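Heads up, the thing below is written out as structure tokens.
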Amino acid sequence: MKHLMQLNKFQLTSEHLRPYPAFAPAIAISLGILCTGLSHFEYLSFYQAVMLSSFFFLLCLVFIADKRLELGVCFIAGLVISCLHSYSPWVTYDDELTRPRHYAEIRATIVDKRLMKSPELQSYNPNRNIEVEIHELKTYAHDWKKVSGRIVIRKVKEQYNYGDKLTMTGQIQEIESSALPGLFNYKAYMKSKHIDHHFSIYESKVDGSSSSVQVKLMQRFLHFREQIALRLIENVDSDSQKILLAMSLGIKQGLNADDKQIFLKSGGIHLFAVSGLHVGILFTIILFFLSITRVPYNVRYLLIPFLLLVYVLITGAGASSVRAWLMLSIWSLGKGFKLYAPSINSVLVAAIILLVVNPFFLFQSGFQFSFTIVICLILGWKICSEILQSIRERDLWTPFGSGLQTRRNRTAVYLLKSLMAMGCAWLGVLGLSLAYNQLFLPFSLILNLVLGVLAWLILFLAVLKLFVSFIPIDILADMLSSLLSVIIGSLYFLNKFSSENSLIVHCRRPVFLMTLIYYGLLLTVLLVPFKLKRTLLIFSTLTAFVLFNLVYSKIPRNELTILQSKHSNKPIIIYREGSRYTLINPGPGNFSYTLNAYLKMQGITKLEAIVIFANLKEYHAATSKVIDKHSTASIYLVNQSHHNVKQIASMSHKNQIPFKQSTEQIDTVNFRLSSKNTMQYEAKNTGVIIQLKNNGDYNPELLIKQKDKIIWQGVITNTNTDKILYHKTL
């Protein structure tokens with residue numbers, strides 16, 4: 001994109017865009033999808049979504065004036081496709097549902113590709129949320145009717161296989177929205193896959209296997225996958241098996257929550273999603289073998305898309321692997337037919353194809369991560385080449401040295417360019433990592449360089465072992481298994497070491513506008529033609545912006561947040577004093593996941609104290625899950641009764657957390673707790689007083705004041721959704 005941003009009166013002309021014909025259509029289709037998609041997923045109201053997308057579309061018409069007709073057609077196309085998928089006329093089962101919850105009987109076919117049939121791999125089967133294609137539905141209002149669409153069956157206890165036809169009795173209900181604003185929106189994620197309901201099974205029976213050609217073909221690929229999996233894990237130690245299967249074939253059901261948390265914190269979680277990294281590594285391995293077997297140049301690149309397609313189908317044809325396959329296939333076919341196929345254009349064409357198939361991919365984090373990383377990597381390579389060329393300009397006027405010296409210089413320049421380009425990709429993923437995971441991983445760039453090498457070795461050895469497994473040479477297979485165990489063990493150790501708190505920074509989720517400004521600055525750095533002073537100025541602004549956002553979330557302040565669970569009318573209170581956090585009444589046990597997610601979103605990893613106002617499960621049942629995820633200094637219980645205190649005391653002892661219980665009052669350096677008349681928390685330094693008392697109707701009355709000024713007061717009644725009652729900086 002050498003002249004992409006050289007504007008003529010601030011406009012991109014046809015001359016600038018000629019090498020990149022997919023640029024304008026990709027932008028316009030995305031804006032058309034956003035126009036209806038943002039309201040469909042309840043991120044914005046319909047009018048807000050229309051105004052936002054229209055504003056950016058008008059900017060495109062101004063700055064890409066020569067492509068106005070093309071932009072208009074593609075914008076309308078994106079709008080039509082998005083509307084079509086929003087209404088989903090091919091999903092008919094929901095027409096028969098008149099209430100959010102229905103007792104129903106259904107006949108469906110299992111289409112979840114994660115299921116394993118081999119007895120040796122049963123431990124890798126998912127134990128919940130299996131996708132099925134529904135064919136017939138029966139409710140109390142009508143007899144069996146032919147319908148279509150997909151739903152999720154929950155908490156599966158029986159053993160099923162891909163393609164099984166089931167008759168099930170149970171309750172079908174809508175998937176609920178995310179509990180609190182800003183948390184992971186499971187309903188939106190499932191809606192992007194055109195799944196709006198889940199089904200709780202009461203009874204079920206298997207009626208055989210589907211005879212569909214598509215199902216039969218996929219069953220063969222999945223059976224082939226299981227045979228490969230069994231050959232790969234043979235003689236590999238048990239701890240390494242689950243990581244090997246997750247990395248090579250995308251079978252990640254064997255990973256427990258602790259394993260996933262380690263790789264999430266280290267920034268290596270992408271190793272377990274078959275995506276651009278895996279498909280790209282396999283691309284280089286296939287290209288290497290085709291090269292050493294002297295396959296003609298153009299034939300190599302024409303063969304690779306079909307060979308990679310087999311791998312994509314074996315791994316279940318997940319969205320991330322299909323994205324990577326499309327990007328590489330378009331670029332590879334261009335090379336094979338000796339056509340000019342710029343990498344950026346191949347990426348944009350792949351994005352357009354995927355959005356036409358399912359426009360709601362645009363709202364999936366995997367889609368955003370995948371394309372952001374690849375685009376930043378390609379643009380970063382270009383600008384890094386220009387920077388190094390500018391720095392080494394004097395070398396062009398220097399007589400050539402020895403061939404060895406020249407090769408060394410080229411190798412050094414290539415490695416430096418690769419490192420800088422990966423730095424650009426790291427910057428590309430930084431904004432999304434802060435937005436989705438609330439993590440800043442300063443060492444993930446260095447770690448991912450090492451992980452990339454280890455991942456290449458693991459996949460290369462896996463392919464080699466697969467070939468060797470067909471040759472009766474046991475000693476060679478055992479050597480490869482031992483080598484795989486050692487490398488996988490090293491990879492796990494590196495991620496576990498990097499996941500330590502000293503190597504990561506937990507931050508509060510930035511507001512959407514901040515993320516938008518960040519990517520605006522980043523694209524300016526990558527797209528504006530390189531001029532050293534200007535590029536350094538923009539890059540410095542970008543760095544200052546990131547540091548400000550990180551530091552701002554860590555500035556000590558006094559904050560108060562009141563949450564309420566839909567399962568209880570007892571308030572959950574998070575009080576921040578400076579950099580210390582106190583959690584008052586963690587709430588019922590079924591609120592623990594939501595509470596932990598909210599604390600994570602706020603960048604909270606340590607709690608100064610957990611204060612429990614009463615020894616009732618509505619007040620404290622979530623405590624055990626909270627202290628599993630957050631370092632806690634102390635637990636205090638103020639209660640007029642000693643009944644059933646052992647549960648909290650033993651939980652504190654098990655986690656080596658000091659526990660104090662009193663029927664009168666507790667004084668510490670920071671606060672005073674009292675149980676006289678009303679249960680009361682008083683922060684000594686700030687004068688904040690939180691009082692909670694139960695009225696006769698059992699609806700508690702909450703009063704919060706600071707220095708005799710009432711901040712919040714009200715009676716808390718039951719609600720049908722989790723919500724934030726109050727949030728303010730004091």
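Simple scheme: letters A, B, ... for chains in structure tokens order, numbers from 1 for residues in each chain, numbers from 1 for ligands in the order shown.
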Taking only stretch 198-439 of chain A into account, list the residues labelled strand (DSSP E or B) by DSSP (computed from the backbone), as a PyMOL selection string.
chain A and resi 198-209+439
Restricting it to C-alpha atoms, dump the selection as a PDB file, in the first residue's frame.
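Written out: result16.pdb:
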```pdb
ATOM      1  CA  HIS A 198     -31.385 -23.849  24.818  1.00  0.00           C
ATOM      2  CA  PHE A 199     -33.070 -27.088  25.834  1.00  0.00           C
ATOM      3  CA  SER A 200     -32.954 -28.767  29.257  1.00  0.00           C
ATOM      4  CA  ILE A 201     -33.416 -32.528  28.836  1.00  0.00           C
ATOM      5  CA  TYR A 202     -35.764 -34.520  31.044  1.00  0.00           C
ATOM      6  CA  GLU A 203     -35.822 -37.687  28.918  1.00  0.00           C
ATOM      7  CA  SER A 204     -34.140 -38.665  25.656  1.00  0.00           C
ATOM      8  CA  LYS A 205     -33.626 -41.616  23.343  1.00  0.00           C
ATOM      9  CA  VAL A 206     -31.454 -42.222  20.282  1.00  0.00           C
ATOM     10  CA  ASP A 207     -33.390 -43.066  17.090  1.00  0.00           C
ATOM     11  CA  GLY A 208     -30.385 -44.052  15.002  1.00  0.00           C
ATOM     12  CA  SER A 209     -28.018 -41.999  12.890  1.00  0.00           C
ATOM     13  CA  LEU A 439      -5.158  -7.704  30.508  1.00  0.00           C
TER      14      LEU A 439
END
```
Can you tell me which residues surround stretch 456-461 of chain A at a distance of at most 7 Å, considering only C-alpha atoms, apart from same-chain residues fewer than 6 positions away, and format the answer as a tab-separated table (two decimals) with N, CA and C atoms, in the first residue's frame?
```
chain	number	residue	atom	x	y	z
A	248	SER	N	-2.88	-29.30	17.86
A	248	SER	CA	-2.80	-29.88	16.52
A	248	SER	C	-4.15	-30.07	15.86
A	281	ILE	N	1.45	-22.38	9.93
A	281	ILE	CA	2.57	-23.30	10.18
A	281	ILE	C	2.46	-24.52	9.28
A	285	ILE	N	5.01	-26.08	6.42
A	285	ILE	CA	5.47	-27.48	6.45
A	285	ILE	C	5.15	-28.17	5.12
A	480	LEU	N	10.21	-39.62	18.92
A	480	LEU	CA	9.40	-38.44	18.59
A	480	LEU	C	8.40	-38.14	19.72
A	484	LEU	N	8.32	-34.71	21.78
A	484	LEU	CA	7.09	-33.91	21.88
A	484	LEU	C	6.75	-33.61	23.34
```
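Interatomic distance, atom CA of A:Tyr581 against atom CA of A:Leu607: 5.1 Å.
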What residues in stretch 193-373 of chain A get the DSSP label helix (DSSP H, G or I)? Please answer as a ChimeraX atom specification.
/A:213-233,238-249,257-266,269-272,276-292,297-314,319-336,343-357,359-363,365-373
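Here atom CA of A:Ile243 and atom CA of A:Asn256 stand 10.8 Å from one another.
Taking atom CA of A:Leu583 and atom CA of A:Val611 as endpoints, the distance between them is 6.2 Å.
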Please determine, counting only C-alpha atoms, which residue among A:Lys570, A:Lys705, A:Lys113, A:His40 has the shortest atom-to-atom distance to A:Phe363.
A:His40
For A:Arg323, please output as a PyMOL selection string all residues within 10 Å (counting only C-alpha atoms; exclusion window: fewer than 5 positions along the same chain).
chain A and resi 275-276+279+317-318+328-329+347+350-351+353-354+366-367+370-371
Which residue, A:Leu522, A:Ile33, A:Ala633, A:Leu692, has the smallest gap to A:Ile657 when you use only C-alpha atoms?
A:Ala633
Using only C-alpha atoms: which of A:Arg557, A:Leu290, A:Glu608, A:Leu527 has the shortest distance to A:Cys376
A:Leu527
